[in-house]
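Q: Following this line is upload-v2.txt, made up of compact mmCIF, C-alpha atoms:
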# COMPACT_ATOMS: atom_id res chain seq x y z
CA MET E 93 24.53 21.46 -13.00
CA THR E 94 22.28 24.42 -13.71
CA ASP E 95 18.83 24.92 -12.28
CA GLU E 96 17.36 24.04 -15.68
CA GLY E 97 19.31 20.78 -15.72
CA THR E 98 18.02 19.90 -12.26
CA ARG E 99 14.42 20.48 -13.34
CA ALA E 100 14.94 18.40 -16.46
CA ALA E 101 16.32 15.51 -14.39
CA ARG E 102 13.35 15.39 -12.02
CA PRO E 103 10.77 14.08 -14.51
CA ALA E 104 13.20 11.39 -15.60
CA ALA E 105 13.70 10.29 -11.98
CA ALA E 106 9.94 10.24 -11.40
CA GLU E 107 9.42 8.15 -14.52
CA ARG E 108 12.11 5.67 -13.44
CA TRP E 109 10.51 5.38 -10.00
CA ALA E 110 7.04 4.87 -11.45
CA SER E 111 8.29 2.30 -13.94
CA ARG E 112 9.63 0.16 -11.05
CA LEU E 113 6.25 -0.01 -9.30
CA ASP E 114 4.44 -3.32 -9.46
CA THR E 115 1.05 -2.35 -10.89
CA GLY E 116 -0.41 -5.69 -9.89
CA SER E 117 0.44 -5.01 -6.26
CA LEU E 118 -0.97 -1.49 -6.52
CA LEU E 119 -4.23 -2.95 -7.77
CA TYR E 120 -4.12 -5.62 -5.09
CA GLY E 121 -3.77 -2.95 -2.39
CA THR E 122 -6.75 -1.09 -3.81
CA ILE E 123 -8.84 -4.26 -3.84
CA VAL E 124 -7.84 -5.16 -0.28
CA SER E 125 -8.71 -1.69 1.01
CA ALA E 126 -12.06 -1.79 -0.82
CA ALA E 127 -12.81 -5.22 0.68
CA ALA E 128 -11.99 -3.90 4.15
CA LEU E 129 -14.25 -0.94 3.41
CA ALA E 130 -17.10 -3.32 2.65
CA VAL E 131 -16.51 -5.25 5.86
CA GLY E 132 -16.31 -2.09 7.96
CA ALA E 133 -19.40 -0.57 6.37
CA GLY E 134 -21.37 -3.80 6.75
CA ARG E 135 -20.65 -3.85 10.47
CA GLY E 136 -22.05 -0.33 10.84
CA GLU E 137 -18.84 1.13 12.24
CA THR E 138 -17.93 4.79 12.25
CA ALA E 139 -15.75 6.25 9.52
CA PHE E 140 -12.79 6.13 11.93
CA GLY E 141 -13.54 2.47 12.64
CA MET E 142 -13.52 1.76 8.91
CA ASP E 143 -10.21 3.56 8.64
CA GLU E 144 -8.69 1.34 11.32
CA THR E 145 -10.12 -1.77 9.66
CA MET E 146 -8.72 -0.78 6.27
CA ILE E 147 -5.24 -0.03 7.64
CA ALA E 148 -5.10 -3.20 9.71
CA THR E 149 -6.25 -5.33 6.77
CA LEU E 150 -3.70 -3.77 4.43
CA VAL E 151 -0.88 -4.31 6.91
CA VAL E 152 -1.85 -7.95 7.51
CA TYR E 153 -1.99 -8.69 3.77
CA TRP E 154 1.32 -6.87 3.26
CA LEU E 155 2.97 -8.88 6.05
CA ALA E 156 1.67 -12.11 4.51
CA HIS E 157 3.26 -11.15 1.19
CA VAL E 158 6.51 -10.18 2.90
CA TYR E 159 6.58 -13.57 4.63
CA THR E 160 5.92 -15.56 1.46
CA ALA E 161 8.47 -13.55 -0.53
CA THR E 162 11.07 -14.09 2.20
CA VAL E 163 10.43 -17.83 2.29
CA ARG E 164 10.55 -17.98 -1.51
CA GLU E 165 13.91 -16.15 -1.65
CA ARG E 166 15.60 -18.04 1.17
CA ARG E 167 17.74 -20.84 -0.19
CA PRO E 168 18.87 -23.82 1.87
CA GLY E 169 22.40 -23.29 3.10
CA SER E 170 22.38 -19.63 2.11
CA GLY E 171 24.56 -17.33 4.19
CA THR E 172 22.28 -14.33 3.61
CA PRO E 173 21.05 -13.00 6.95
CA LEU E 174 17.31 -13.21 7.45
CA TYR E 175 16.97 -9.50 8.14
CA HIS E 176 18.40 -8.74 4.65
CA LEU E 177 15.80 -10.98 3.06
CA LEU E 178 13.03 -9.44 5.16
CA ARG E 179 14.09 -5.90 4.27
CA HIS E 180 14.26 -6.75 0.57
CA SER E 181 10.85 -8.45 0.64
CA ALA E 182 9.28 -5.59 2.61
CA ARG E 183 10.48 -3.08 0.03
CA ALA E 184 9.42 -5.24 -2.90
CA GLU E 185 5.92 -5.72 -1.49
CA ALA E 186 5.43 -2.11 -0.33
CA THR E 187 3.35 -1.30 -3.41
CA ILE E 188 0.50 -3.22 -1.78
CA LEU E 189 0.45 -0.56 0.94
CA LEU E 190 0.79 2.20 -1.63
CA GLY E 191 -2.25 0.86 -3.51
CA GLY E 192 -4.40 1.30 -0.42
CA VAL E 193 -3.29 4.87 0.32
CA PRO E 194 -5.97 6.70 -1.74
CA ALA E 195 -8.87 4.89 -0.06
CA VAL E 196 -7.37 5.23 3.43
CA ALA E 197 -6.57 8.91 2.87
CA MET E 198 -10.11 9.60 1.67
CA THR E 199 -11.62 7.77 4.65
CA THR E 200 -9.41 9.68 7.08
CA ALA E 201 -10.15 13.04 5.48
CA LEU E 202 -13.91 12.47 5.48
CA ALA E 203 -13.87 11.16 9.05
CA LEU E 204 -11.97 14.25 10.20
CA ALA E 205 -14.48 16.43 8.35
CA GLY E 206 -17.31 14.76 10.27
CA VAL E 207 -18.96 13.15 7.26
CA THR E 208 -21.30 10.32 8.24
CA LEU E 209 -20.69 6.67 7.46
CA TRP E 210 -22.57 6.02 4.22
CA PRO E 211 -21.50 9.15 2.30
CA THR E 212 -17.95 8.21 3.34
CA VAL E 213 -18.42 4.65 2.06
CA LEU E 214 -19.73 5.86 -1.29
CA SER E 215 -16.95 8.43 -1.70
CA VAL E 216 -14.21 5.95 -0.84
CA LEU E 217 -15.73 3.35 -3.13
CA ALA E 218 -15.72 5.90 -5.97
CA THR E 219 -12.06 6.64 -5.17
CA ALA E 220 -11.19 2.95 -5.28
CA ILE E 221 -12.99 2.47 -8.59
CA VAL E 222 -11.41 5.47 -10.28
Give the structure from this file in structure tokens form.

A:
Amino acid sequence: MTDEGTRAARPAAAERWASRLDTGSLLYGTIVSAAALAVGAGRGETAFGMDETMIATLVVYWLAHVYTATVRERRPGSGTPLYHLLRHSARAEATILLGGVPAVAMTTALALAGVTLWPTVLSVLATAIV
């Protein structure tokens, strides 16, 4: 395959990957991270504290979805090992985590830059809305 053929194949691969993403879960991850932002900001935490709250909340919600998907897929008498079901569910529900990445990344970047709490909250909220 030539270099031109490799470059032409990359957009197609990216489009296939993007088409498999669950947009509902992406939106759900954004909403969860914005809700955690509101909780963290309301408690008057630092930007780093909000970051921890957002990550922990996203992970807990993701784990809850992994659990429910695993229970839903497990059939009575099935010989499928539990770890296979868990791995499949974790991958399928990973878009929830991906949906929270922009807000968490913005919070982390602004915290590292030393930006105070409320400008961080407003910037991350704008990121979540857009």

Q: Can you work out the spacing between CA of Leu155 (chain E) and CA of Leu217 (chain E) in Å, to one decimal?

A: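 Interatomic distance, CA of Leu155 (chain E) to CA of Leu217 (chain E): 24.2 Å.
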
Q: Given the choices E:Tyr153, E:Val222, E:Pro168, E:Val207, which gets closest to Gly121 (chain E) if the distance is worked out from all atoms listed in the file?

A: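 Using all atoms listed in the file, Gly121 (chain E) sits closest to E:Tyr153.
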
Q: I want to know what sits within 12 Å of Ala148 (chain E), based on all atoms listed in the file, with residues of the same chain fewer than 2 positions away left out; could you give that as a VMD selection string?

A: chain E and resid 124 to 125 128 to 129 132 141 to 146 150 to 155 189 192 196

Q: Record the distance separating CA of Arg167 (chain E) and CA of Ser117 (chain E), expressed in Å with one decimal.

A: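 Atom-to-atom, CA of Arg167 (chain E) to CA of Ser117 (chain E), that is 24.2 Å.
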
Q: Between CA of Ser215 (chain E) and CA of Ala156 (chain E), what distance in Å does the model show, to one decimal?

A: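 Answer for the CA of Ser215 (chain E) to CA of Ala156 (chain E) separation: 28.4 Å.
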
Q: I'd like to know which of E:Thr122, E:Thr219, E:Thr115, E:Thr172 is closest to Ile147 (chain E), using all atoms listed in the file.

A: E:Thr122

Q: Box along x, y and z, 3 Å on every side, all listed atoms of region 212-218 of chain E inside: centre and edge lengths in Å to one decimal, as JSON.

A:
{"center_x": -17.0, "center_y": 5.9, "center_z": -1.3, "size_x": 11.5, "size_y": 11.1, "size_z": 15.3}

Q: Hey, which of E:His180, E:Ala195, E:Leu209, E:Ile221 ends up closest to Ala139 (chain E)? Count all atoms listed in the file.

A: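 Of E:His180, E:Ala195, E:Leu209, E:Ile221, the one nearest Ala139 (chain E) is E:Leu209, counting all atoms listed in the file.
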
Q: Pick out the closest residue to Leu214 (chain E) from this set: E:Val158, E:Ala133, E:Ala104, E:Ile123. Count only C-alpha atoms.

A: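 Among the listed residues, the smallest separation from Leu214 (chain E) belongs to E:Ala133.
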
Q: Which residue is closest to Leu204 (chain E)? Choose from E:Phe140, E:Tyr120, E:Gly134, E:Gly171 and count only C-alpha atoms.

A: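 Nearest to Leu204 (chain E): E:Phe140.
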
Q: May I have the residues within 9 Å of Ala182 (chain E) as an MDAnalysis selection string, using only C-alpha atoms and disregarding those fewer than 3 positions away in the same chain?

A: chainID E and resid 154:155 157:159 161:162 177:179 185:186

Q: Nearest to Met198 (chain E) among E:Trp210, E:His176, E:Val163, E:Ala218, with distances taken over only C-alpha atoms: which residue is it?

A: E:Ala218
